[in-house]
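Listing of model.csv; format and content: CSV, C-alpha atoms and all ligand atoms.
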chain,number,residue,atom,x,y,z
A,1,MET,CA,130.7,45.6,39.0
A,2,THR,CA,127.2,44.4,38.7
A,3,SER,CA,125.7,41.1,39.9
A,4,LEU,CA,123.5,39.2,37.5
A,5,SER,CA,122.1,35.7,38.0
A,6,THR,CA,122.8,33.4,35.1
A,7,ALA,CA,119.6,31.9,33.9
A,8,ASP,CA,120.6,28.3,33.6
A,9,PRO,CA,123.4,27.1,36.0
A,10,GLN,CA,123.7,23.8,34.0
A,11,ARG,CA,124.4,25.5,30.7
A,12,GLU,CA,128.0,25.3,29.5
A,13,LEU,CA,129.4,28.9,29.4
A,14,THR,CA,132.1,29.8,26.9
A,15,VAL,CA,134.5,32.7,27.4
A,16,LEU,CA,137.2,34.3,25.3
A,17,GLY,CA,140.2,35.4,27.5
A,18,ILE,CA,142.9,37.9,26.6
A,19,GLU,CA,146.2,38.3,28.4
A,20,THR,CA,148.6,41.2,27.7
A,21,SER,CA,150.0,42.2,31.1
A,22,CYS,CA,153.7,41.4,30.5
A,23,ASP,CA,155.6,40.0,27.5
A,24,GLU,CA,153.1,37.3,26.3
A,25,THR,CA,150.3,38.2,23.9
A,26,ALA,CA,147.7,35.5,24.5
A,27,ALA,CA,144.1,34.6,23.6
A,28,ALA,CA,142.1,31.5,24.6
A,29,VAL,CA,138.6,30.1,24.6
A,30,VAL,CA,137.6,28.1,27.7
A,31,THR,CA,134.2,26.6,28.8
A,32,SER,CA,132.7,26.2,32.2
A,33,LYS,CA,133.2,22.4,31.9
A,34,GLY,CA,137.0,23.1,31.7
A,35,ARG,CA,137.3,22.4,28.0
A,36,ILE,CA,140.1,24.5,26.5
A,37,LEU,CA,138.9,25.1,22.9
A,38,ALA,CA,141.9,27.3,22.0
A,39,ASN,CA,145.0,28.5,23.9
A,40,LEU,CA,147.4,30.6,21.9
A,41,VAL,CA,150.5,32.3,23.4
A,42,LEU,CA,152.7,34.6,21.3
A,43,SER,CA,156.0,35.2,23.2
A,44,GLN,CA,157.9,38.5,22.7
A,45,LEU,CA,161.1,36.9,24.0
A,46,ASP,CA,163.1,37.7,20.8
A,47,GLU,CA,162.0,41.4,20.9
A,48,HIS,CA,163.2,41.8,24.6
A,49,ARG,CA,166.2,39.5,24.6
A,50,PRO,CA,168.7,42.2,23.4
A,51,TYR,CA,167.8,44.3,26.5
A,52,GLY,CA,168.0,41.4,29.0
A,53,GLY,CA,164.5,42.1,30.3
A,54,VAL,CA,161.1,43.3,29.3
A,55,VAL,CA,160.9,46.8,27.9
A,56,PRO,CA,157.4,48.1,28.6
A,57,GLU,CA,157.0,50.3,25.5
A,58,ILE,CA,158.2,47.5,23.2
A,59,ALA,CA,155.8,45.1,24.9
A,60,ALA,CA,152.7,47.4,24.6
A,61,ARG,CA,153.4,48.1,20.9
A,62,SER,CA,153.9,44.4,20.2
A,63,HIS,CA,150.6,43.5,21.9
A,64,LEU,CA,148.9,46.1,19.8
A,65,ASP,CA,150.4,44.6,16.6
A,66,HIS,CA,149.4,41.0,17.3
A,67,ILE,CA,146.3,40.9,19.5
A,68,ASP,CA,143.6,41.2,16.8
A,69,ARG,CA,145.1,38.4,14.7
A,70,LEU,CA,145.6,36.2,17.8
A,71,VAL,CA,142.0,36.6,18.9
A,72,GLU,CA,140.8,35.8,15.4
A,73,GLU,CA,143.0,32.7,15.3
A,74,ALA,CA,141.7,31.6,18.8
A,75,MET,CA,138.1,31.9,17.6
A,76,GLN,CA,138.9,30.0,14.5
A,77,GLN,CA,140.5,27.2,16.4
A,78,ALA,CA,137.6,27.1,18.8
A,79,GLY,CA,135.3,26.9,15.8
A,80,LEU,CA,133.1,29.7,17.2
A,81,ARG,CA,131.6,33.0,16.2
A,82,PHE,CA,131.6,35.9,18.6
A,83,ASP,CA,127.8,35.7,19.0
A,84,GLU,CA,128.3,32.1,20.3
A,85,LEU,CA,130.4,33.4,23.3
A,86,ASP,CA,128.9,34.1,26.8
A,87,GLY,CA,131.5,36.6,27.8
A,88,ILE,CA,134.9,38.4,27.1
A,89,ALA,CA,137.5,38.4,29.8
A,90,ALA,CA,140.8,40.3,29.9
A,91,THR,CA,143.6,40.9,32.3
A,92,ALA,CA,142.8,44.3,33.7
A,93,GLY,CA,145.8,44.4,36.1
A,94,PRO,CA,148.2,44.2,37.8
A,95,GLY,CA,150.9,44.5,35.1
A,96,LEU,CA,152.7,46.8,32.7
A,97,ILE,CA,149.9,49.3,32.2
A,98,GLY,CA,150.5,50.0,28.4
A,99,GLY,CA,150.0,46.3,27.7
A,100,VAL,CA,147.1,45.9,30.0
A,101,PHE,CA,145.4,48.8,28.2
A,102,VAL,CA,145.7,47.0,24.9
A,103,GLY,CA,144.0,43.8,26.2
A,104,VAL,CA,141.3,45.6,28.1
A,105,MET,CA,140.4,47.9,25.1
A,106,THR,CA,140.3,44.9,22.7
A,107,ALA,CA,138.0,43.0,25.1
A,108,LYS,CA,135.8,46.0,25.7
A,109,ALA,CA,135.4,46.6,22.0
A,110,ILE,CA,134.4,43.0,21.3
A,111,ALA,CA,132.0,43.1,24.3
A,112,LEU,CA,130.4,46.3,23.0
A,113,ALA,CA,130.2,45.2,19.4
A,114,TRP,CA,128.6,41.8,20.3
A,115,ASP,CA,126.7,43.0,23.3
A,116,LEU,CA,128.5,40.5,25.6
A,117,PRO,CA,129.4,40.7,29.3
A,118,PHE,CA,132.9,42.1,30.0
A,119,LEU,CA,134.9,40.5,32.7
A,120,ALA,CA,137.9,42.4,34.2
A,121,VAL,CA,140.2,39.7,35.5
A,122,ASN,CA,142.9,40.2,38.1
A,123,HIS,CA,146.0,38.5,36.6
A,124,LEU,CA,146.9,37.0,40.0
A,125,GLU,CA,143.4,35.6,40.3
A,126,GLY,CA,144.0,34.0,36.9
A,127,HIS,CA,147.0,32.2,38.4
A,128,ALA,CA,145.1,31.5,41.7
A,129,LEU,CA,142.2,29.7,40.0
A,130,SER,CA,144.2,27.9,37.3
A,131,ALA,CA,144.4,24.7,39.4
A,132,ARG,CA,140.5,24.6,39.3
A,133,LEU,CA,140.8,24.5,35.5
A,134,SER,CA,143.5,21.8,35.5
A,135,ASP,CA,142.5,19.8,38.6
A,136,ASP,CA,138.8,20.6,39.3
A,137,LEU,CA,139.7,21.5,42.9
A,138,ALA,CA,137.2,22.5,45.5
A,139,PHE,CA,137.6,25.5,47.8
A,140,PRO,CA,139.4,26.1,50.1
A,141,TYR,CA,143.0,25.4,49.3
A,142,LEU,CA,146.4,26.7,50.1
A,143,LEU,CA,148.1,28.6,47.3
A,144,LEU,CA,151.8,29.3,46.8
A,145,LEU,CA,151.8,32.0,44.1
A,146,VAL,CA,155.3,32.3,42.6
A,147,SER,CA,155.9,34.5,39.5
A,148,GLY,CA,158.1,37.2,38.1
A,149,GLY,CA,156.5,39.9,40.3
A,150,HIS,CA,155.0,37.9,43.2
A,151,CYS,CA,155.7,35.4,46.0
A,152,GLN,CA,152.7,34.9,48.3
A,153,LEU,CA,151.0,32.3,50.4
A,154,LEU,CA,147.2,32.6,50.3
A,155,ALA,CA,144.2,30.8,51.5
A,156,VAL,CA,141.9,30.6,48.6
A,157,GLU,CA,138.4,30.5,50.1
A,158,GLY,CA,136.4,31.2,46.9
A,159,VAL,CA,136.3,33.2,43.7
A,160,GLY,CA,137.3,36.7,44.8
A,161,HIS,CA,138.0,35.6,48.3
A,162,TYR,CA,141.7,35.4,49.2
A,163,ARG,CA,143.4,35.6,52.6
A,164,ARG,CA,147.0,36.5,52.5
A,165,LEU,CA,149.1,34.4,54.9
A,166,GLY,CA,152.5,35.6,54.0
A,167,GLY,CA,154.6,37.1,51.2
A,168,THR,CA,158.0,38.3,50.2
A,169,ILE,CA,159.4,41.3,52.0
A,170,ASP,CA,161.7,42.2,49.0
A,171,ASP,CA,162.2,40.3,45.7
A,172,ALA,CA,159.8,37.9,44.0
A,173,VAL,CA,161.1,34.3,43.4
A,174,GLY,CA,161.0,34.7,39.7
A,175,GLU,CA,163.0,37.9,39.9
A,176,ALA,CA,165.6,36.0,41.9
A,177,PHE,CA,165.8,33.3,39.1
A,178,ASP,CA,166.0,36.0,36.5
A,179,LYS,CA,168.8,37.9,38.3
A,180,THR,CA,170.7,34.7,39.0
A,181,ALA,CA,170.5,33.8,35.3
A,182,LYS,CA,171.9,37.3,34.4
A,183,LEU,CA,174.7,37.0,36.9
A,184,LEU,CA,175.7,33.7,35.5
A,185,GLY,CA,175.3,34.8,31.9
A,186,LEU,CA,172.7,32.2,31.2
A,187,GLY,CA,170.5,34.5,29.2
A,188,TYR,CA,166.9,35.4,29.2
A,189,PRO,CA,164.3,34.3,30.3
A,190,GLY,CA,166.1,33.4,33.5
A,191,GLY,CA,163.9,30.8,35.2
A,192,PRO,CA,164.0,28.1,32.5
A,193,ALA,CA,167.7,28.8,31.9
A,194,VAL,CA,168.6,28.3,35.6
A,195,GLU,CA,166.6,25.2,35.7
A,196,GLN,CA,168.3,23.8,32.6
A,197,ALA,CA,171.8,24.7,33.9
A,198,ALA,CA,171.0,23.2,37.4
A,199,THR,CA,170.2,19.8,35.9
A,200,SER,CA,173.9,19.1,35.5
A,201,GLY,CA,175.1,20.9,38.6
A,202,ASP,CA,175.9,19.9,42.2
A,203,PRO,CA,173.4,21.6,44.5
A,204,THR,CA,175.8,21.3,47.5
A,205,ALA,CA,178.8,22.9,45.7
A,206,PHE,CA,178.1,26.4,47.0
A,207,ALA,CA,177.0,27.2,50.6
A,208,LEU,CA,174.2,29.8,50.1
A,209,PRO,CA,172.0,31.3,52.8
A,210,ARG,CA,168.3,30.5,53.3
A,211,PRO,CA,166.9,33.8,54.4
A,212,MET,CA,163.9,33.6,56.8
A,213,LEU,CA,164.2,29.9,57.3
A,214,GLY,CA,162.9,28.9,60.7
A,215,ARG,CA,161.6,32.4,61.4
A,216,PRO,CA,158.2,33.0,62.8
A,217,GLY,CA,155.4,33.9,60.3
A,218,LEU,CA,155.1,33.0,56.7
A,219,ASP,CA,157.1,35.8,54.9
A,220,PHE,CA,159.9,35.3,52.4
A,221,SER,CA,163.0,37.2,51.5
A,222,PHE,CA,165.2,36.6,48.5
A,223,SER,CA,167.4,39.7,48.2
A,224,GLY,CA,170.1,38.3,50.5
A,225,LEU,CA,170.2,35.1,48.5
A,226,LYS,CA,170.7,37.1,45.3
A,227,THR,CA,173.6,39.0,46.8
A,228,ALA,CA,175.1,35.8,48.0
A,229,VAL,CA,174.9,34.4,44.4
A,230,ARG,CA,176.6,37.5,43.1
A,231,GLN,CA,179.4,37.2,45.7
A,232,ALA,CA,179.9,33.5,45.1
A,233,ALA,CA,179.9,34.0,41.3
A,234,ASP,CA,182.5,36.8,41.7
A,235,LYS,CA,184.7,34.7,43.9
A,236,ALA,CA,184.5,31.7,41.6
A,237,GLY,CA,185.3,33.9,38.6
A,238,ILE,CA,182.0,33.3,36.8
A,239,LEU,CA,180.3,36.6,37.2
A,240,GLY,CA,178.6,37.3,33.9
A,241,GLY,CA,179.4,33.7,32.8
A,242,GLY,CA,182.4,31.5,32.4
A,243,ASP,CA,183.2,27.9,33.3
A,244,ALA,CA,180.0,26.0,32.4
A,245,ALA,CA,180.4,23.4,35.2
A,246,LEU,CA,180.9,26.0,37.9
A,247,CYS,CA,177.8,27.9,36.6
A,248,ALA,CA,175.8,24.7,36.7
A,249,ASP,CA,176.9,24.1,40.3
A,250,LEU,CA,175.9,27.6,41.3
A,251,ALA,CA,172.6,27.4,39.5
A,252,ALA,CA,171.9,24.1,41.2
A,253,SER,CA,172.9,25.5,44.6
A,254,PHE,CA,170.7,28.5,44.1
A,255,GLN,CA,167.7,26.4,43.1
A,256,ALA,CA,168.3,24.1,46.1
A,257,ALA,CA,168.3,27.2,48.5
A,258,VAL,CA,165.0,28.4,46.9
A,259,GLY,CA,163.6,24.9,47.2
A,260,ASP,CA,164.5,24.7,51.0
A,261,ILE,CA,162.9,28.1,51.6
A,262,LEU,CA,159.7,27.4,49.7
A,263,ALA,CA,159.4,23.9,51.3
A,264,GLU,CA,159.8,25.1,54.8
A,265,ARG,CA,157.3,28.0,54.4
A,266,CYS,CA,154.8,25.7,52.7
A,267,ALA,CA,155.1,23.0,55.4
A,268,LYS,CA,154.3,25.7,58.0
A,269,ALA,CA,151.5,27.1,56.0
A,270,LEU,CA,149.9,23.7,55.6
A,271,ASP,CA,149.9,23.3,59.4
A,272,LEU,CA,148.3,26.7,59.8
A,273,PHE,CA,145.8,26.0,57.0
A,274,ALA,CA,144.8,22.7,58.7
A,275,ALA,CA,144.2,24.4,62.0
A,276,ASP,CA,142.1,27.2,60.4
A,277,TYR,CA,140.1,25.2,57.9
A,278,GLY,CA,140.0,21.7,59.4
A,279,ARG,CA,141.5,20.1,56.3
A,280,ALA,CA,144.9,19.1,55.0
A,281,GLY,CA,145.4,21.4,52.1
A,282,PRO,CA,145.5,20.7,49.2
A,283,LEU,CA,148.5,22.7,48.4
A,284,VAL,CA,148.5,24.5,45.0
A,285,VAL,CA,151.5,26.0,43.3
A,286,ALA,CA,150.8,28.5,40.5
A,287,GLY,CA,152.6,31.2,38.6
A,288,GLY,CA,155.6,31.1,36.2
A,289,VAL,CA,158.1,29.6,38.7
A,290,ALA,CA,155.7,26.7,39.3
A,291,ALA,CA,156.8,25.4,35.9
A,292,ASN,CA,160.1,24.4,37.6
A,293,ARG,CA,160.2,20.6,37.9
A,294,SER,CA,162.7,20.5,40.8
A,295,LEU,CA,160.5,22.9,42.9
A,296,ARG,CA,157.4,20.9,42.1
A,297,GLY,CA,159.1,17.8,43.3
A,298,ARG,CA,160.1,19.5,46.6
A,299,LEU,CA,156.5,20.7,47.2
A,300,GLU,CA,155.1,17.3,46.4
A,301,ASN,CA,157.1,15.9,49.2
A,302,VAL,CA,156.1,18.6,51.6
A,303,ALA,CA,152.4,18.1,50.8
A,304,GLU,CA,152.7,14.3,51.2
A,305,LEU,CA,154.4,14.7,54.6
A,306,ALA,CA,151.5,16.9,55.7
A,307,GLY,CA,149.0,14.2,54.6
A,308,SER,CA,148.0,16.5,51.8
A,309,ARG,CA,148.6,16.6,48.0
A,310,LEU,CA,150.1,19.0,45.6
A,311,ALA,CA,148.1,20.3,42.7
A,312,ALA,CA,150.2,22.0,40.1
A,313,PRO,CA,148.8,23.0,36.7
A,314,PRO,CA,150.8,21.8,33.7
A,315,PRO,CA,153.7,24.2,32.9
A,316,ALA,CA,151.8,25.8,30.0
A,317,LEU,CA,149.1,26.9,32.5
A,318,CYS,CA,151.7,28.1,35.0
A,319,THR,CA,153.5,30.6,32.9
A,320,ASP,CA,151.4,33.5,31.6
A,321,ASN,CA,148.6,32.4,29.3
A,322,ALA,CA,145.0,33.4,28.4
A,323,ALA,CA,143.3,30.1,29.3
A,324,MET,CA,143.6,31.0,33.0
A,325,ILE,CA,142.2,34.4,32.3
A,326,ALA,CA,139.3,32.9,30.3
A,327,TRP,CA,138.7,30.4,33.1
A,328,ALA,CA,138.7,33.2,35.8
A,329,GLY,CA,136.2,34.9,33.5
A,330,VAL,CA,134.1,31.7,33.4
A,331,GLU,CA,134.1,31.5,37.2
A,332,ARG,CA,133.2,35.2,37.6
A,333,LEU,CA,130.5,35.0,35.0
A,334,GLY,CA,129.0,32.0,36.7
A,335,LEU,CA,128.6,34.1,39.8
A,336,GLY,CA,127.2,37.0,37.9
A,337,LEU,CA,130.3,39.1,38.7
A,338,ILE,CA,130.2,41.2,35.5
A,339,ASP,CA,132.1,44.5,35.1
A,340,GLY,CA,131.1,47.7,33.4
A,341,LEU,CA,132.8,49.0,30.3
A,342,ASP,CA,134.0,51.9,32.4
A,343,PHE,CA,136.3,49.6,34.4
A,344,ALA,CA,139.8,51.2,34.5
A,345,ALA,CA,142.9,49.1,33.9
A,346,ARG,CA,145.2,49.0,37.0
A,347,PRO,CA,149.0,48.8,37.2
A,348,ARG,CA,148.7,47.6,40.8
A,349,TRP,CA,145.8,45.5,42.1
A,350,PRO,CA,146.4,43.3,45.2
A,351,LEU,CA,144.5,40.0,45.3
A,352,GLU,CA,143.2,40.6,48.8
A,353,SER,CA,141.4,43.7,47.7
A,354,LEU,CA,139.0,41.6,45.5
A,355,SER,CA,137.3,40.2,48.6
A,356,GLY,CA,135.3,43.3,49.5
A,357,ALA,CA,134.2,43.8,45.9
A,358,ALA,CA,133.1,40.2,45.4
A,359,GLN,CA,131.2,40.3,48.7
A,360,ALA,CA,129.4,43.5,47.8
A,361,ALA,CA,128.4,42.2,44.3
A,362,THR,CA,127.2,38.8,45.6
A,363,ALA,CA,125.5,40.1,48.8
A,364,GLY,CA,122.1,38.5,49.3
A,365,ARG,CA,122.7,35.8,46.7
B,401,LIG,O1,153.7,34.1,35.8
B,401,LIG,P1,154.8,34.5,34.9
B,401,LIG,O2,154.8,33.9,33.5
B,401,LIG,O3,154.7,36.1,34.7
B,401,LIG,C1,154.4,36.9,35.8
B,401,LIG,O4,153.2,37.1,36.0
B,401,LIG,O5,155.4,37.4,36.4
B,401,LIG,O6,156.2,34.3,35.7
B,401,LIG,C2,157.4,34.6,35.0
B,401,LIG,C3,158.5,34.2,36.0
B,401,LIG,C4,159.8,34.7,35.4
B,401,LIG,O7,160.6,35.3,36.5
B,401,LIG,C5,160.5,33.4,35.0
B,401,LIG,O8,161.9,33.4,35.0
B,401,LIG,C6,159.9,32.4,35.9
B,401,LIG,O9,158.5,32.8,36.1
B,401,LIG,N1,159.9,31.0,35.4
B,401,LIG,C7,160.6,30.1,36.0
B,401,LIG,C8,160.5,28.9,35.2
B,401,LIG,N2,159.7,29.3,34.1
B,401,LIG,C9,159.4,30.6,34.3
B,401,LIG,N3,161.4,30.0,37.1
B,401,LIG,C10,162.0,28.9,37.5
B,401,LIG,N4,161.9,27.8,36.7
B,401,LIG,C11,161.2,27.7,35.6
B,401,LIG,N5,161.2,26.6,34.8
B,402,ZN,ZN,151.8,35.8,35.7
What would the structure in this file look like if it were written as structure tokens?
Amino acid sequence: MTSLSTADPQRELTVLGIETSCDETAAAVVTSKGRILANLVLSQLDEHRPYGGVVPEIAARSHLDHIDRLVEEAMQQAGLRFDELDGIAATAGPGLIGGVFVGVMTAKAIALAWDLPFLAVNHLEGHALSARLSDDLAFPYLLLLVSGGHCQLLAVEGVGHYRRLGGTIDDAVGEAFDKTAKLLGLGYPGGPAVEQAATSGDPTAFALPRPMLGRPGLDFSFSGLKTAVRQAADKAGILGGGDAALCADLAASFQAAVGDILAERCAKALDLFAADYGRAGPLVVAGGVAANRSLRGRLENVAELAGSRLAAPPPALCTDNAAMIAWAGVERLGLGLIDGLDFAARPRWPLESLSGAAQAATAGR
């Protein structure tokens, strides 16, 4: 990574972002004033549905089939030529590596052809900074990052500066939603299906555990809850699906248990954050699970009780998209955090590991 100073800090920067780390092929154009000029997401849901989950090889092939056309469409919608861009950002990890390669290679090729800066964006940083695109938030803030592969509480101190306060010791929240949907035969993708089913269910119908509730620290655990859902479904005769009302009750009970766990951990984290940073939040929720309206409602209450507020990007910016990648690219470009074309895509790339790199690149600035 090199550090360049941008000539005119007032100039509006425009970045094309590419996202291909899971089962959404996405391209977007975003400016440093937070204007989203294009934001296209092509879901591969239908291709993976028969398998009940994402098949990495199918995902990579599908990204390859669609990315060029999608980038072209995004540029058309933005009304821009490549030579009018200031940079090209792509998710460079973590994620399904075949798909990540496709996005990174596409972005590098455009960067090389048009002599533009390439910005290798950490997918989690995309989620982490999305609230600054939607809500123009200042640093620092407390972040609950809840997606298909992650469940973490972080203090976001700046671009590239993340302090992990806690995280799941087993499954991610999104994974628990997806498994619950599968156990109840609600289909794929699981999160929205469970949320939909829960709307007509009774959240007190099934007594489910709340693992880690009241425990010291800020870690999470969801595997025990998943097992309890399986046992409850089995006992009620709805394992794999069945009586719709009972399924709705169990979905609602599961969602309520998740809500209790997230609410308690966030309340505690807000206290800790206030002690460490001398300010009450704000609390930001990001990642696919943040699209869940019931959970957003719970977290809103928690933030209010702590004298803080909840900032939650609109659902379309919570689930995987390229606008958040373009925005993270804008933020990094503004700081001169540009990557070389030799940057290697990474299947694993913890958010905390960015801090050292950002510090080294911006040292002396
Ligand atoms: O951030 P994301 O789109 O992809 C990853 O980076 O993982 O998150 C996907 C996860 C999936 O597990 C999906 O079921 C969950 O987010 N999700 C939801 C909702 N929408 C998506 N979970 C609960 N309620 C939702 N409405
Ligand atoms: Zn994601």
Open item on the list: Within 6 Å of ligand ZN 402 (chain B) (counting only C-alpha atoms and all ligand atoms), which residues show up? I'd like them as a list in words.
Closed with: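 Those within range of ligand ZN 402 (chain B) are Ser147, Gly287 and Asp320 of chain A.
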Write out as JSON lines the residues of segment 293-331 of chain A that have any atom within 12 Å of an atom of segment 56-80 of chain A, one row each with the nearest atom pair and its distance in Å to one decimal, counting all atoms listed in the file, sorted by chain and then rising number.
{"residue": "A:Ala322", "atom": "CA", "partner": "A:Ala74", "partner_atom": "CA", "distance": 10.3}
{"residue": "A:Ala323", "atom": "CA", "partner": "A:Ala74", "partner_atom": "CA", "distance": 10.7}
{"residue": "A:Ala326", "atom": "CA", "partner": "A:Ala74", "partner_atom": "CA", "distance": 11.8}
Task: Atomic distance atom C6 of ligand LIG 401 (chain B) - atom CA of Gly307 of chain A, expressed in Å with one decimal - done: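 Separation between atom C6 of ligand LIG 401 (chain B) and atom CA of Gly307 of chain A: 28.3 Å.
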Please tabulate, as a Markdown table, the residues of chain A that come within 6 Å of ligand LIG 401 (chain B), each with its closest pair of atoms and the distance in Å to one decimal, counting all atoms listed in the file and ordering rows by chain, then residue number upward.
| residue | atom | partner | partner_atom | distance |
| --- | --- | --- | --- | --- |
| A:Ser147 | CA | B:LIG401 | O6 | 3.8 |
| A:Gly148 | CA | B:LIG401 | O5 | 3.2 |
| A:Gly149 | CA | B:LIG401 | O5 | 4.8 |
| A:Gly174 | CA | B:LIG401 | O7 | 3.3 |
| A:Glu175 | CA | B:LIG401 | O7 | 4.9 |
| A:Phe177 | CA | B:LIG401 | O8 | 5.7 |
| A:Asp178 | CA | B:LIG401 | O8 | 5.1 |
| A:Pro189 | CA | B:LIG401 | O8 | 5.4 |
| A:Gly190 | CA | B:LIG401 | O8 | 4.5 |
| A:Gly191 | CA | B:LIG401 | N3 | 3.2 |
| A:Pro192 | CA | B:LIG401 | N5 | 3.9 |
| A:Glu195 | CA | B:LIG401 | N4 | 5.5 |
| A:Gly287 | CA | B:LIG401 | O1 | 4.2 |
| A:Gly288 | CA | B:LIG401 | O6 | 3.3 |
| A:Val289 | CA | B:LIG401 | N3 | 3.7 |
| A:Ala291 | CA | B:LIG401 | N5 | 4.7 |
| A:Asn292 | CA | B:LIG401 | N5 | 3.7 |
| A:Thr319 | CA | B:LIG401 | O2 | 3.6 |
| A:Asp320 | CA | B:LIG401 | O2 | 3.9 |
Task: Nearest to Ala274 of chain A by atom-to-atom distance, counting all atoms listed in the file, from A:Leu42, A:Leu142, A:Leu305, A:Ala245 - done: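 Once distances to Ala274 of chain A are computed over all atoms listed in the file, the minimum belongs to A:Leu142.
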Open item on the list: Taking 3 positions as the minimum chain separation for residues in the same chain, which residues sit within 9 Å of Ala233 of chain A when counting all atoms listed in the file? Answer as a ChimeraX atom specification.
Closed with: /A:183-184,228-230,236-241,246-247,250
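From atom CA of Gln10 of chain A back to atom CA of Ala155 of chain A, the distance works out to 27.8 Å.
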Task: Atom-to-atom span, atom CA of Ala280 of chain A and atom CA of Pro313 of chain A, Å - done: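 Calculated distance between atom CA of Ala280 of chain A and atom CA of Pro313 of chain A is 19.1 Å.
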Open item on the list: Here is a test: counting only C-alpha atoms, which residue of A:Asn321, A:Gln231, A:Ser21, A:Thr199 is nearest to His127 of chain A?
Closed with: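 Selected residue with least distance to His127 of chain A: A:Asn321.
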Could all heavy atoms be built for segment 173-178 of chain A and written out as an mmCIF file, in the coordinates of the input?
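What ended up in part-v2.cif:
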data_model
loop_
_atom_site.group_PDB
_atom_site.id
_atom_site.type_symbol
_atom_site.label_atom_id
_atom_site.label_comp_id
_atom_site.auth_asym_id
_atom_site.auth_seq_id
_atom_site.Cartn_x
_atom_site.Cartn_y
_atom_site.Cartn_z
ATOM 1 N N VAL A 173 160.269 35.490 43.752
ATOM 2 C CA VAL A 173 161.100 34.300 43.400
ATOM 3 C C VAL A 173 161.577 34.370 41.974
ATOM 4 O O VAL A 173 162.740 34.125 41.661
ATOM 5 C CB VAL A 173 160.403 32.980 43.613
ATOM 6 C CG1 VAL A 173 161.406 31.867 43.832
ATOM 7 C CG2 VAL A 173 159.398 33.023 44.709
ATOM 8 N N GLY A 174 160.627 34.647 41.078
ATOM 9 C CA GLY A 174 161.000 34.700 39.700
ATOM 10 C C GLY A 174 162.044 35.691 39.351
ATOM 11 O O GLY A 174 162.944 35.454 38.538
ATOM 12 N N GLU A 175 161.964 36.814 40.064
ATOM 13 C CA GLU A 175 163.000 37.900 39.900
ATOM 14 C C GLU A 175 164.336 37.330 40.327
ATOM 15 O O GLU A 175 165.343 37.622 39.674
ATOM 16 C CB GLU A 175 162.531 38.989 40.861
ATOM 17 C CG GLU A 175 162.944 40.378 40.516
ATOM 18 C CD GLU A 175 162.376 41.349 41.573
ATOM 19 O OE1 GLU A 175 161.301 41.072 42.162
ATOM 20 O OE2 GLU A 175 163.042 42.357 41.815
ATOM 21 N N ALA A 176 164.382 36.559 41.419
ATOM 22 C CA ALA A 176 165.600 36.000 41.900
ATOM 23 C C ALA A 176 166.208 35.015 40.832
ATOM 24 O O ALA A 176 167.409 35.000 40.568
ATOM 25 C CB ALA A 176 165.434 35.267 43.219
ATOM 26 N N PHE A 177 165.314 34.225 40.206
ATOM 27 C CA PHE A 177 165.800 33.300 39.100
ATOM 28 C C PHE A 177 166.327 34.157 37.963
ATOM 29 O O PHE A 177 167.380 33.832 37.404
ATOM 30 C CB PHE A 177 164.594 32.465 38.626
ATOM 31 C CG PHE A 177 164.483 31.138 39.331
ATOM 32 C CD1 PHE A 177 163.657 30.991 40.431
ATOM 33 C CD2 PHE A 177 165.201 30.040 38.897
ATOM 34 C CE1 PHE A 177 163.544 29.777 41.094
ATOM 35 C CE2 PHE A 177 165.110 28.811 39.538
ATOM 36 C CZ PHE A 177 164.272 28.681 40.648
ATOM 37 N N ASP A 178 165.602 35.220 37.598
ATOM 38 C CA ASP A 178 166.000 36.000 36.500
ATOM 39 C C ASP A 178 167.370 36.715 36.725
ATOM 40 O O ASP A 178 168.246 36.769 35.853
ATOM 41 C CB ASP A 178 164.946 37.068 36.104
ATOM 42 C CG ASP A 178 163.663 36.407 35.605
ATOM 43 O OD1 ASP A 178 163.757 35.276 35.070
ATOM 44 O OD2 ASP A 178 162.583 37.003 35.747
#
